[in-house]
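Okay, model.txt is below, compact mmCIF, C-alpha atoms:
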```txt
# COMPACT_ATOMS: atom_id res chain seq x y z
CA MET G 1 -5.05 -16.47 26.91
CA PRO G 2 -6.57 -19.78 25.71
CA SER G 3 -6.65 -22.38 28.47
CA ASN G 4 -7.37 -25.40 26.29
CA LYS G 5 -7.48 -26.60 22.70
CA ARG G 6 -11.15 -25.74 22.23
CA GLN G 7 -10.60 -22.17 23.34
CA LEU G 8 -7.55 -21.93 21.08
CA LEU G 9 -9.61 -23.07 18.08
CA HIS G 10 -12.39 -20.65 19.01
CA GLU G 11 -10.01 -17.69 19.11
CA ILE G 12 -8.51 -18.67 15.75
CA ALA G 13 -11.98 -19.02 14.21
CA VAL G 14 -13.22 -15.69 15.59
CA PHE G 15 -10.31 -13.84 14.00
CA SER G 16 -9.78 -15.84 10.81
CA LEU G 17 -13.35 -16.15 9.50
CA PRO G 18 -13.89 -12.36 9.04
CA ALA G 19 -10.36 -12.04 7.57
CA ILE G 20 -11.03 -14.83 5.05
CA ALA G 21 -14.48 -13.47 4.23
CA GLU G 22 -13.01 -10.01 3.64
CA LYS G 23 -10.46 -11.32 1.15
CA MET G 24 -13.05 -13.45 -0.66
CA LEU G 25 -15.42 -10.50 -0.84
CA MET G 26 -12.76 -8.31 -2.42
CA ILE G 27 -12.10 -10.95 -5.09
CA VAL G 28 -15.79 -11.55 -5.87
CA ILE G 29 -16.60 -7.84 -6.03
CA GLY G 30 -13.59 -7.31 -8.31
CA LEU G 31 -14.87 -9.97 -10.69
CA MET G 32 -18.32 -8.37 -10.71
CA GLY G 33 -16.87 -4.93 -11.40
CA THR G 34 -14.91 -6.32 -14.34
CA LEU G 35 -18.12 -7.89 -15.65
CA PHE G 36 -19.92 -4.52 -15.59
CA VAL G 37 -17.15 -2.70 -17.43
CA GLY G 38 -16.71 -5.58 -19.87
CA ARG G 39 -20.12 -4.86 -21.36
CA LEU G 40 -18.95 -1.39 -22.43
CA GLY G 41 -16.49 -2.78 -24.98
CA THR G 42 -13.10 -4.41 -25.39
CA ALA G 43 -11.10 -1.17 -25.18
CA GLU G 44 -12.91 -0.08 -22.02
CA LEU G 45 -12.39 -3.47 -20.36
CA ALA G 46 -8.69 -3.50 -21.25
CA ALA G 47 -8.24 0.09 -20.01
CA VAL G 48 -9.86 -0.55 -16.64
CA SER G 49 -8.05 -3.90 -16.26
CA VAL G 50 -4.55 -2.48 -16.76
CA SER G 51 -5.34 0.57 -14.62
CA ASN G 52 -6.63 -1.64 -11.83
CA SER G 53 -3.41 -3.65 -12.05
CA VAL G 54 -1.49 -0.47 -11.22
CA LEU G 55 -3.91 0.48 -8.44
CA ASN G 56 -3.80 -3.04 -7.00
CA THR G 57 0.00 -2.92 -7.03
CA LEU G 58 -0.09 0.32 -5.02
CA MET G 59 -2.58 -1.30 -2.64
CA ALA G 60 -0.27 -4.28 -2.18
CA PHE G 61 2.57 -1.88 -1.29
CA TYR G 62 0.33 -0.21 1.32
CA PHE G 63 -0.53 -3.60 2.80
CA GLY G 64 3.18 -4.36 3.00
CA ILE G 65 3.82 -1.23 5.04
CA GLY G 66 0.69 -1.82 7.13
CA LEU G 67 2.06 -5.22 8.10
CA GLY G 68 4.78 -3.53 10.15
CA ALA G 69 2.10 -1.74 12.18
CA THR G 70 0.15 -4.97 12.69
CA ILE G 71 3.21 -6.80 14.02
CA LEU G 72 4.28 -4.03 16.40
CA ILE G 73 0.75 -3.45 17.74
CA ALA G 74 0.13 -7.18 18.21
CA ARG G 75 3.28 -7.37 20.32
CA ALA G 76 2.65 -4.16 22.27
CA MET G 77 -1.06 -4.41 23.13
CA ASP G 78 -0.64 -6.55 26.28
CA GLU G 79 2.31 -4.66 27.73
CA LYS G 80 1.91 -2.50 30.84
CA ASP G 81 1.38 0.69 28.84
CA GLY G 82 -0.01 -1.21 25.85
CA ALA G 83 -3.01 1.06 25.17
CA GLU G 84 -0.81 4.15 24.90
CA GLN G 85 1.72 2.33 22.72
CA VAL G 86 -1.08 1.17 20.41
CA ARG G 87 -2.30 4.75 19.98
CA GLN G 88 1.20 6.01 19.22
CA LEU G 89 1.86 3.22 16.73
CA THR G 90 -1.50 3.82 15.05
CA PHE G 91 -0.75 7.52 14.56
CA GLN G 92 2.70 6.68 13.18
CA ALA G 93 1.25 4.12 10.78
CA LEU G 94 -1.32 6.64 9.51
CA THR G 95 1.37 9.29 9.01
CA ILE G 96 3.91 7.03 7.30
CA LEU G 97 1.38 5.42 4.97
CA PHE G 98 -0.19 8.76 4.03
CA LEU G 99 3.14 10.35 3.16
CA PHE G 100 4.22 7.27 1.22
CA ALA G 101 0.93 7.29 -0.73
CA VAL G 102 1.23 11.00 -1.54
CA VAL G 103 4.68 10.52 -3.09
CA LEU G 104 3.87 7.29 -4.90
CA SER G 105 0.50 8.39 -6.31
CA ALA G 106 1.95 11.76 -7.42
CA LEU G 107 4.73 9.99 -9.33
CA CYS G 108 2.25 7.60 -10.96
CA PHE G 109 -0.08 10.49 -11.84
CA ALA G 110 2.69 12.48 -13.50
CA GLY G 111 4.08 9.46 -15.34
CA ALA G 112 0.83 7.58 -16.00
CA GLY G 113 1.61 7.07 -19.69
CA TRP G 114 5.15 5.87 -18.98
CA VAL G 115 3.93 3.47 -16.27
CA LEU G 116 1.35 1.91 -18.59
CA ASP G 117 3.77 1.70 -21.52
CA THR G 118 6.44 0.08 -19.35
CA LEU G 119 4.18 -2.50 -17.72
CA PHE G 120 1.75 -3.12 -20.57
CA GLY G 121 3.55 -2.29 -23.80
CA GLY G 122 1.52 -2.76 -26.96
CA LEU G 123 -1.75 -1.15 -25.82
CA SER G 124 -3.83 0.29 -28.64
CA ALA G 125 -4.07 4.08 -28.82
CA GLN G 126 -7.71 4.03 -27.71
CA THR G 127 -7.05 1.70 -24.76
CA ARG G 128 -4.01 3.70 -23.69
CA THR G 129 -5.94 7.00 -23.75
CA LEU G 130 -8.83 5.53 -21.73
CA ALA G 131 -6.45 3.88 -19.27
CA ILE G 132 -4.53 7.11 -18.60
CA ARG G 133 -7.77 9.00 -17.97
CA TYR G 134 -9.19 6.31 -15.66
CA LEU G 135 -5.91 5.93 -13.75
CA ARG G 136 -5.48 9.68 -13.22
CA MET G 137 -9.06 9.96 -11.97
CA CYS G 138 -8.50 7.23 -9.38
CA LEU G 139 -4.94 8.02 -8.21
CA PRO G 140 -5.78 11.08 -6.03
CA VAL G 141 -7.87 8.91 -3.68
CA SER G 142 -4.97 6.49 -3.32
CA CYS G 143 -4.00 8.50 -0.24
CA ALA G 144 -7.43 7.78 1.28
CA LEU G 145 -6.98 4.11 0.45
CA ALA G 146 -3.63 4.15 2.27
CA LEU G 147 -5.27 5.60 5.40
CA ASP G 148 -8.03 3.00 5.12
CA ILE G 149 -5.45 0.19 4.99
CA ALA G 150 -3.51 1.73 7.89
CA VAL G 151 -6.59 1.71 10.12
CA SER G 152 -7.44 -1.88 9.16
CA SER G 153 -3.87 -3.02 9.78
CA CYS G 154 -3.86 -1.45 13.24
CA LEU G 155 -7.26 -2.92 14.12
CA ARG G 156 -6.05 -6.39 13.16
CA GLY G 157 -3.09 -5.86 15.46
CA VAL G 158 -5.52 -5.57 18.41
CA LYS G 159 -7.32 -8.74 17.26
CA ASP G 160 -10.21 -6.98 15.53
CA SER G 161 -10.77 -8.47 12.07
CA ARG G 162 -14.56 -8.07 12.23
CA LEU G 163 -14.65 -4.29 11.80
CA PRO G 164 -12.35 -4.27 8.71
CA PHE G 165 -14.55 -6.99 7.17
CA LEU G 166 -17.78 -5.08 7.81
CA PHE G 167 -16.40 -1.89 6.30
CA THR G 168 -15.02 -3.78 3.30
CA ALA G 169 -18.44 -5.33 2.74
CA LEU G 170 -20.18 -1.95 2.93
CA VAL G 171 -17.63 -0.12 0.77
CA ASN G 172 -17.62 -2.75 -1.96
CA THR G 173 -21.40 -3.00 -1.96
CA LEU G 174 -21.53 0.77 -2.39
CA ASN G 175 -19.00 0.52 -5.22
CA ILE G 176 -21.12 -2.03 -7.09
CA ALA G 177 -24.31 0.00 -6.59
CA LEU G 178 -22.64 3.17 -7.85
CA CYS G 179 -21.14 1.30 -10.83
CA LEU G 180 -24.61 0.18 -11.87
CA LEU G 181 -25.97 3.72 -11.41
CA PHE G 182 -23.17 5.64 -13.08
CA ILE G 183 -22.32 3.20 -15.90
CA TYR G 184 -25.80 2.08 -16.93
CA GLY G 185 -28.05 4.70 -15.35
CA PHE G 186 -26.16 7.91 -16.15
CA LYS G 187 -24.28 6.37 -19.13
CA TRP G 188 -20.92 7.71 -17.95
CA GLY G 189 -18.91 4.74 -19.28
CA ILE G 190 -15.59 4.07 -17.54
CA ASP G 191 -15.79 7.54 -15.97
CA GLY G 192 -18.73 6.12 -14.04
CA ALA G 193 -16.59 3.23 -12.84
CA ALA G 194 -13.92 5.71 -11.74
CA TRP G 195 -16.40 7.87 -9.82
CA ALA G 196 -17.82 4.78 -8.13
CA TYR G 197 -14.30 3.85 -7.01
CA ILE G 198 -13.56 7.40 -5.81
CA ILE G 199 -16.76 7.81 -3.77
CA SER G 200 -16.67 4.34 -2.21
CA THR G 201 -12.96 4.64 -1.31
CA LEU G 202 -13.40 8.06 0.31
CA SER G 203 -16.49 6.84 2.18
CA GLY G 204 -14.61 3.85 3.60
CA CYS G 205 -11.67 6.00 4.68
CA VAL G 206 -13.84 8.61 6.42
CA ALA G 207 -15.92 5.94 8.17
CA LYS G 208 -12.88 4.08 9.54
CA LEU G 209 -11.20 7.26 10.73
CA ALA G 210 -14.47 8.28 12.42
CA VAL G 211 -14.54 4.98 14.31
CA ILE G 212 -11.07 5.35 15.85
CA VAL G 213 -11.55 9.07 16.57
CA SER G 214 -14.94 8.51 18.24
CA GLY G 215 -13.61 5.65 20.36
CA ARG G 216 -16.15 3.11 19.11
CA GLY G 217 -13.49 0.61 18.09
CA ARG G 218 -10.72 -1.13 20.01
CA ILE G 219 -8.41 1.77 19.20
CA THR G 220 -9.14 5.35 20.27
CA LEU G 221 -7.13 8.16 18.67
CA ARG G 222 -8.22 11.63 19.75
CA ARG G 223 -4.99 13.63 19.58
CA PHE G 224 -1.79 13.96 17.61
CA TYR G 225 1.32 12.13 18.74
CA PRO G 226 4.91 13.23 18.03
CA LEU G 227 6.77 10.93 15.69
CA ARG G 228 9.48 9.11 17.63
CA ALA G 229 12.53 8.29 15.56
CA ALA G 230 13.15 4.96 17.29
CA ARG G 231 9.58 3.77 16.73
CA VAL G 232 9.51 5.03 13.15
CA LEU G 233 12.75 3.23 12.34
CA GLN G 234 11.46 0.05 13.97
CA MET G 235 8.27 0.19 11.92
CA LEU G 236 10.25 0.86 8.75
CA ARG G 237 12.60 -2.05 9.48
CA LEU G 238 9.54 -4.30 9.46
CA SER G 239 7.65 -2.53 6.67
CA VAL G 240 10.42 -2.11 4.09
CA PRO G 241 11.19 -5.85 3.78
CA ALA G 242 7.43 -6.54 3.50
CA LEU G 243 7.25 -3.82 0.83
CA ILE G 244 10.17 -5.38 -1.06
CA GLU G 245 8.42 -8.75 -0.87
CA GLN G 246 5.32 -7.22 -2.46
CA VAL G 247 7.48 -5.71 -5.20
CA PHE G 248 8.87 -9.15 -6.03
CA VAL G 249 5.43 -10.78 -5.92
CA GLN G 250 3.60 -8.12 -7.93
CA PHE G 251 6.20 -7.85 -10.67
CA ALA G 252 6.44 -11.63 -10.82
CA PHE G 253 2.80 -11.60 -11.93
CA ILE G 254 3.77 -9.26 -14.74
CA GLY G 255 6.62 -11.60 -15.69
CA VAL G 256 4.17 -14.49 -15.86
CA GLN G 257 1.88 -12.38 -18.06
CA MET G 258 4.77 -11.88 -20.49
CA VAL G 259 5.23 -15.66 -20.68
CA THR G 260 1.53 -16.29 -21.17
CA ALA G 261 1.59 -13.87 -24.10
CA MET G 262 3.40 -16.63 -26.02
CA ILE G 263 0.47 -19.02 -25.52
CA GLY G 264 -2.60 -19.33 -27.76
CA ASP G 265 -5.86 -17.54 -26.96
CA VAL G 266 -7.83 -20.66 -25.98
CA THR G 267 -5.12 -21.93 -23.65
CA LEU G 268 -4.62 -18.48 -22.16
CA ALA G 269 -8.36 -18.12 -21.55
CA GLY G 270 -8.42 -21.52 -19.87
CA TYR G 271 -5.56 -20.48 -17.60
CA GLN G 272 -7.28 -17.21 -16.64
CA VAL G 273 -10.52 -19.04 -15.78
CA SER G 274 -8.75 -21.61 -13.59
CA ASN G 275 -6.69 -18.86 -11.93
CA ASN G 276 -9.84 -16.90 -11.07
CA ILE G 277 -11.33 -19.99 -9.44
CA LEU G 278 -8.18 -20.72 -7.43
CA SER G 279 -7.94 -17.10 -6.29
CA LEU G 280 -10.96 -17.73 -4.06
CA LEU G 281 -9.05 -20.59 -2.44
CA TYR G 282 -5.98 -18.41 -1.97
CA ALA G 283 -8.18 -16.00 -0.03
CA VAL G 284 -8.48 -18.68 2.66
CA THR G 285 -4.73 -18.97 3.10
CA GLY G 286 -4.36 -15.19 2.93
CA GLY G 287 -6.82 -14.78 5.81
CA LEU G 288 -5.05 -17.47 7.81
CA GLU G 289 -1.70 -15.76 7.20
CA MET G 290 -3.04 -12.56 8.74
CA THR G 291 -4.45 -14.57 11.64
CA THR G 292 -1.01 -16.04 12.26
CA VAL G 293 0.63 -12.61 12.17
CA THR G 294 -1.72 -11.25 14.84
CA LEU G 295 -2.23 -14.16 17.24
CA THR G 296 1.31 -15.53 17.10
CA GLY G 297 2.78 -12.04 17.34
CA ASN G 298 0.60 -11.23 20.34
CA ALA G 299 1.75 -14.41 22.11
CA LEU G 300 5.41 -13.63 21.38
CA GLY G 301 4.90 -10.10 22.68
CA ARG G 302 3.58 -11.51 25.97
CA GLY G 303 6.64 -13.74 26.25
CA GLU G 304 4.71 -16.99 25.66
CA PRO G 305 6.64 -18.90 22.97
CA ARG G 306 4.80 -22.17 23.69
CA LEU G 307 1.44 -20.52 23.00
CA ALA G 308 2.86 -18.86 19.87
CA LYS G 309 3.99 -22.29 18.66
CA ASP G 310 0.52 -23.74 19.35
CA TYR G 311 -1.13 -20.94 17.38
CA ALA G 312 1.25 -21.32 14.44
CA ARG G 313 0.98 -25.12 14.23
CA THR G 314 -2.80 -25.17 14.65
CA ILE G 315 -3.35 -22.53 11.96
CA LEU G 316 -1.01 -24.40 9.60
CA LEU G 317 -2.91 -27.66 10.11
CA ILE G 318 -6.27 -25.91 9.67
CA GLY G 319 -5.03 -24.28 6.47
CA GLU G 320 -3.84 -27.57 5.03
CA ALA G 321 -7.03 -29.41 5.99
CA VAL G 322 -9.44 -26.78 4.66
CA THR G 323 -7.63 -26.00 1.41
CA CYS G 324 -6.94 -29.66 0.59
CA ALA G 325 -10.62 -30.47 1.13
CA CYS G 326 -11.57 -27.60 -1.19
CA ALA G 327 -8.99 -28.77 -3.74
CA VAL G 328 -10.57 -32.25 -3.77
CA VAL G 329 -13.97 -30.68 -4.47
CA LEU G 330 -12.51 -28.54 -7.26
CA PHE G 331 -10.80 -31.57 -8.78
CA ILE G 332 -13.98 -33.68 -8.79
CA PHE G 333 -16.33 -30.96 -10.01
CA ALA G 334 -13.85 -29.07 -12.22
CA GLY G 335 -16.05 -29.29 -15.32
CA PRO G 336 -19.28 -27.83 -13.86
CA ILE G 337 -17.36 -25.16 -11.93
CA VAL G 338 -15.43 -24.02 -14.99
CA SER G 339 -18.68 -23.89 -16.99
CA LEU G 340 -19.91 -21.12 -14.69
CA PHE G 341 -17.21 -18.81 -16.09
CA THR G 342 -17.35 -19.54 -19.83
CA ARG G 343 -19.54 -21.23 -22.45
CA ASP G 344 -16.80 -21.94 -24.97
CA PRO G 345 -16.36 -25.75 -25.15
CA ALA G 346 -12.67 -25.50 -26.06
CA VAL G 347 -11.94 -23.13 -23.17
CA ILE G 348 -13.94 -25.31 -20.77
CA GLU G 349 -11.94 -28.40 -21.71
CA LYS G 350 -8.60 -26.60 -21.36
CA ALA G 351 -9.56 -24.86 -18.09
CA ARG G 352 -10.78 -28.13 -16.58
CA SER G 353 -7.47 -29.89 -17.19
CA ILE G 354 -5.44 -26.89 -15.95
CA LEU G 355 -7.57 -26.55 -12.81
CA ARG G 356 -7.18 -30.21 -11.95
CA ILE G 357 -3.40 -30.03 -12.31
CA MET G 358 -3.18 -26.82 -10.27
CA CYS G 359 -5.19 -28.46 -7.47
CA PHE G 360 -2.02 -30.42 -6.64
CA THR G 361 -0.21 -27.15 -5.85
CA VAL G 362 -2.76 -26.19 -3.17
CA PRO G 363 -1.02 -27.99 -0.25
CA LEU G 364 2.20 -26.17 -1.18
CA THR G 365 0.65 -22.69 -1.36
CA SER G 366 -1.26 -23.23 1.87
CA CYS G 367 1.92 -24.35 3.60
CA PHE G 368 4.14 -21.43 2.64
CA GLN G 369 1.46 -18.76 3.11
CA CYS G 370 0.57 -19.83 6.66
CA ILE G 371 4.24 -20.17 7.65
CA THR G 372 5.02 -16.81 6.05
CA GLY G 373 2.80 -15.09 8.62
CA THR G 374 4.61 -16.82 11.49
CA LEU G 375 8.10 -15.89 10.28
CA LYS G 376 7.07 -12.31 9.52
CA THR G 377 5.64 -11.65 12.95
CA SER G 378 8.77 -13.12 14.58
CA GLY G 379 10.90 -10.57 12.73
CA MET G 380 12.45 -12.90 10.12
CA LEU G 381 11.27 -10.73 7.24
CA MET G 382 14.54 -10.61 5.33
CA PHE G 383 14.59 -14.41 5.18
CA VAL G 384 11.02 -14.38 3.83
CA VAL G 385 11.95 -11.70 1.27
CA THR G 386 14.90 -13.79 0.06
CA VAL G 387 12.72 -16.87 -0.37
CA TYR G 388 10.03 -14.86 -2.18
CA MET G 389 12.67 -13.43 -4.50
CA ILE G 390 14.27 -16.76 -5.39
CA GLY G 391 11.03 -18.70 -5.92
CA PRO G 392 9.27 -16.52 -8.53
CA TRP G 393 12.27 -14.85 -10.17
CA LEU G 394 14.93 -17.56 -10.25
CA LEU G 395 12.63 -20.56 -10.62
CA ARG G 396 9.06 -19.88 -11.78
CA ILE G 397 9.64 -17.34 -14.55
CA PRO G 398 12.90 -18.79 -16.02
CA VAL G 399 11.55 -22.37 -15.98
CA ALA G 400 8.22 -21.26 -17.47
CA TYR G 401 9.97 -19.26 -20.20
CA LEU G 402 12.32 -22.08 -21.16
CA THR G 403 9.64 -24.78 -21.19
CA VAL G 404 7.14 -22.66 -23.12
CA ARG G 405 9.56 -21.04 -25.57
CA TYR G 406 11.99 -23.89 -26.34
CA LEU G 407 10.29 -27.10 -25.22
CA HIS G 408 6.90 -25.99 -26.60
CA MET G 409 5.07 -27.28 -23.54
CA ASP G 410 2.32 -24.66 -23.88
CA ILE G 411 0.49 -23.83 -20.62
CA TYR G 412 1.90 -26.95 -18.97
CA GLY G 413 5.36 -25.40 -19.10
CA LEU G 414 4.00 -22.49 -17.11
CA ILE G 415 2.55 -24.94 -14.58
CA VAL G 416 5.95 -26.64 -14.24
CA GLY G 417 7.37 -23.24 -13.34
CA PHE G 418 4.69 -22.80 -10.68
CA PHE G 419 5.46 -26.23 -9.19
CA CYS G 420 9.19 -25.42 -8.98
CA ASP G 421 8.51 -22.09 -7.29
CA TYR G 422 5.90 -23.38 -4.83
CA THR G 423 7.94 -26.46 -3.89
CA PHE G 424 11.00 -24.34 -3.12
CA ARG G 425 9.09 -21.77 -1.07
CA ALA G 426 7.14 -24.38 0.90
CA GLY G 427 10.30 -26.41 1.58
CA ALA G 428 12.51 -23.48 2.60
CA LEU G 429 9.91 -21.89 4.87
CA LEU G 430 8.88 -25.22 6.41
CA ILE G 431 12.50 -26.00 7.34
CA ALA G 432 12.84 -22.58 8.99
CA PHE G 433 9.55 -23.09 10.82
CA LEU G 434 10.40 -26.57 12.12
CA SER G 435 13.85 -25.43 13.27
CA GLY G 436 12.15 -23.29 15.93
CA LYS G 437 14.62 -20.42 15.49
CA TRP G 438 11.76 -18.02 14.87
CA LEU G 439 10.69 -18.48 18.53
CA LYS G 440 14.00 -16.99 19.67
CA HIS G 441 14.18 -14.21 17.08
CA ARG G 442 13.81 -10.70 18.42
CA LEU G 443 12.45 -7.58 16.76
CA LYS G 444 15.14 -4.93 16.29
```
Final structure tokens representation of the file:
Amino acid sequence: MPSNKRQLLHEIAVFSLPAIAEKMLMIVIGLMGTLFVGRLGTAELAAVSVSNSVLNTLMAFYFGIGLGATILIARAMDEKDGAEQVRQLTFQALTILFLFAVVLSALCFAGAGWVLDTLFGGLSAQTRTLAIRYLRMCLPVSCALALDIAVSSCLRGVKDSRLPFLFTALVNTLNIALCLLFIYGFKWGIDGAAWAYIISTLSGCVAKLAVIVSGRGRITLRRFYPLRAARVLQMLRLSVPALIEQVFVQFAFIGVQMVTAMIGDVTLAGYQVSNNILSLLYAVTGGLEMTTVTLTGNALGRGEPRLAKDYARTILLIGEAVTCACAVVLFIFAGPIVSLFTRDPAVIEKARSILRIMCFTVPLTSCFQCITGTLKTSGMLMFVVTVYMIGPWLLRIPVAYLTVRYLHMDIYGLIVGFFCDYTFRAGALLIAFLSGKWLKHRLK
């Protein structure tokens, strides 16, 4: 337990830096992978992009379920029989996530064409054929990905964010190396990209399972545990709301894509460039959110609400300070930064203006993401789900549609929608946070 402010900051830094680095690495590697496939042709790039959207949605669902394990383990680890509870919860998380992945990936495999047509209607025949093949190649290892995420979620619950980061770095480096070998060396096209994904995902899963079975990590799992109905239901009560939240968030992105389809190519390209740049900044708040879930949850589990409050407030202030400083840098150097992503003068000009406007949303996104972690780990998930449903679906998308379609505000109408959504979410969650009710909330 931290005895002073310096020790508190040290503990936050030790956990958050690997978590932030892991999220940034995943984004950067994803951009590089898209660059490799993009050189194969437009149809190949479109096929891999839409397929990855489906795979990323499944991954987001797995993270939602894994959050329940993180919260329960963070609360249980310092109890009298904490080590045994952690092992039981880890086995349950592995079992639940694996079964969920088997069902979900089987459904997506069988209905791959329907899924792509529903989410991305209007694909050309060539793109659709390539996308179905790529998606069906990758879906079987979705179960391995679920196990990978389960192990990482449990490790974060015992305050280990370093090991998940190291494995993510190794797996993604392997993926890039295999992409280069299979796509350009063996000339396998997008099949090469699929095989790179399959091999790297399986390698990461096997390596993480080996760590917890061998006892080299903070969790040792060397035998099977019976599934206890009470524990399973408790994990599901935490996981299902987090899963529903991810459904709202992921499909909100698709709703935004439908609105952006009404915008011209240059403006749309400028928006995509600025969004890619800001995604690196969102990785910071995402890492801090996970830090809040673990450290605040652990303090609440030990019955130390004052320490939990100190963790939550300190992480929120750090998030605001760091992201606002980065936003100032992005605002000042928007032109040169945008030029790294495109050489088209028209796109550069549009992206620069969009990026500078979106910099003003950074304090809002940092605020609601950091507070989200606090409210989740306290058990107020249904409140978070409600806020995340209202913001994107009742504010962002309707406002964006009306301003773009009828007021002809172009991309700036979309930005107005973002401001409405982010302001509501930040305000609602901040009020709940400041009320202090989350300190008295109990997990059911």
Practice prompt. Compile the contact shell of Cys143 (chain G) as a ChimeraX atom specification: residues with an atom at most 10 Å away, counting all atoms listed in the file, same-chain residues fewer than 2 positions apart removed.
Written response: /G:62,97-106,139-141,145-149,201-202,205
Discussion item. Report as number ranges by chain all protein, DNA and RNA residues lying within 9 Å of Lys23 (chain G), evaluated on only C-alpha atoms, omitting residues in the same chain fewer than 4 positions from it.
Written reply: G: 18-19, 27-28, 165, 280, 282-284, 286-287
Could you list, as a PDB file with C-alpha atoms, in the coordinates of the input, every residue within 10 Å of Gln92 (chain G), counting only C-alpha atoms and ignoring same-chain residues fewer than 5 positions away?
```
ATOM      1  CA  ALA G  69       2.100  -1.740  12.180  1.00  0.00           C
ATOM      2  CA  VAL G  86      -1.080   1.170  20.410  1.00  0.00           C
ATOM      3  CA  ARG G  87      -2.300   4.750  19.980  1.00  0.00           C
ATOM      4  CA  LEU G  97       1.380   5.420   4.970  1.00  0.00           C
ATOM      5  CA  PHE G  98      -0.190   8.760   4.030  1.00  0.00           C
ATOM      6  CA  ALA G 150      -3.510   1.730   7.890  1.00  0.00           C
ATOM      7  CA  PHE G 224      -1.790  13.960  17.610  1.00  0.00           C
ATOM      8  CA  TYR G 225       1.320  12.130  18.740  1.00  0.00           C
ATOM      9  CA  PRO G 226       4.910  13.230  18.030  1.00  0.00           C
ATOM     10  CA  LEU G 227       6.770  10.930  15.690  1.00  0.00           C
ATOM     11  CA  ARG G 228       9.480   9.110  17.630  1.00  0.00           C
ATOM     12  CA  ARG G 231       9.580   3.770  16.730  1.00  0.00           C
ATOM     13  CA  VAL G 232       9.510   5.030  13.150  1.00  0.00           C
ATOM     14  CA  MET G 235       8.270   0.190  11.920  1.00  0.00           C
TER      15      MET G 235
END
```
Worksheet item: In Å, with one decimal, what is the gap from CA of Lys208 (chain G) to CA of Ser152 (chain G)?
Response: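 Spanning CA of Lys208 (chain G) to CA of Ser152 (chain G) is a straight-line distance of 8.1 Å.
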Discussion item. For Arg162 (chain G), find every residue with an atom within 12 Å (counting all atoms listed in the file), except residues of its own chain fewer than 2 positions away, and show them as a VMD selection string.
Written reply: chain G and resid 13 to 22 152 155 to 156 158 to 160 164 to 169 217 to 218
Output of the above residues as a PDB file, in the frame of the given file, restricted to C-alpha atoms:
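Written output follows (selection.pdb):
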```pdb
ATOM      1  CA  ALA G  13     -11.980 -19.020  14.210  1.00  0.00           C
ATOM      2  CA  VAL G  14     -13.220 -15.690  15.590  1.00  0.00           C
ATOM      3  CA  PHE G  15     -10.310 -13.840  14.000  1.00  0.00           C
ATOM      4  CA  SER G  16      -9.780 -15.840  10.810  1.00  0.00           C
ATOM      5  CA  LEU G  17     -13.350 -16.150   9.500  1.00  0.00           C
ATOM      6  CA  PRO G  18     -13.890 -12.360   9.040  1.00  0.00           C
ATOM      7  CA  ALA G  19     -10.360 -12.040   7.570  1.00  0.00           C
ATOM      8  CA  ILE G  20     -11.030 -14.830   5.050  1.00  0.00           C
ATOM      9  CA  ALA G  21     -14.480 -13.470   4.230  1.00  0.00           C
ATOM     10  CA  GLU G  22     -13.010 -10.010   3.640  1.00  0.00           C
ATOM     11  CA  SER G 152      -7.440  -1.880   9.160  1.00  0.00           C
ATOM     12  CA  LEU G 155      -7.260  -2.920  14.120  1.00  0.00           C
ATOM     13  CA  ARG G 156      -6.050  -6.390  13.160  1.00  0.00           C
ATOM     14  CA  VAL G 158      -5.520  -5.570  18.410  1.00  0.00           C
ATOM     15  CA  LYS G 159      -7.320  -8.740  17.260  1.00  0.00           C
ATOM     16  CA  ASP G 160     -10.210  -6.980  15.530  1.00  0.00           C
ATOM     17  CA  PRO G 164     -12.350  -4.270   8.710  1.00  0.00           C
ATOM     18  CA  PHE G 165     -14.550  -6.990   7.170  1.00  0.00           C
ATOM     19  CA  LEU G 166     -17.780  -5.080   7.810  1.00  0.00           C
ATOM     20  CA  PHE G 167     -16.400  -1.890   6.300  1.00  0.00           C
ATOM     21  CA  THR G 168     -15.020  -3.780   3.300  1.00  0.00           C
ATOM     22  CA  ALA G 169     -18.440  -5.330   2.740  1.00  0.00           C
ATOM     23  CA  GLY G 217     -13.490   0.610  18.090  1.00  0.00           C
ATOM     24  CA  ARG G 218     -10.720  -1.130  20.010  1.00  0.00           C
TER      25      ARG G 218
END
```
Practice prompt. Would you work out the distance separating CA of Leu429 (chain G) from CA of Leu243 (chain G), expressed in Å to one decimal?
Written response: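 A separation of 18.7 Å between them.
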Discussion item. Neighbouring residues of region 171-184 of chain G were defined as those with any atom within 6 Å, considering only C-alpha atoms; residues of the same chain fewer than 3 positions away were excluded. Please report them as a list in words.
Written reply: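 Once the adjacent positions are removed, what remains is Phe167, Thr168, Lys187, Trp188, Gly189, Gly192, Ala193, Ala196, Ser200 and Gly204 of chain G.
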Worksheet item: At a cut-off of 10 Å from (-2.8, -24.3, 7.3) in the coordinates of the file, what residues are picked up using all atoms listed in the file, written as a PyMOL selection string?
Response: chain G and resi 284-285+288-289+292+312-324+363+365-371
Worksheet entry | Å distance separating CA of Met380 (chain G) from CA of Arg396 (chain G), one decimal place |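 Rounded to one decimal, the two atoms are 23.2 Å apart.
Using only C-alpha atoms for every distance, the candidate list G:Ala252, G:Leu25, G:Val259, G:Leu40 yields G:Ala252 as the residue closest to Gly391 (chain G).
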Can you tell me, as lines of an AutoDock Vina configuration file, the centre and edge lengths (Å, one decimal) of the axis-aligned box enclosing all of region 73-84 of chain G's listed atoms after padding each side by 8 Å?
```
center_x = 0.1
center_y = -1.6
center_z = 24.3
size_x = 22.3
size_y = 27.5
size_z = 29.1
```
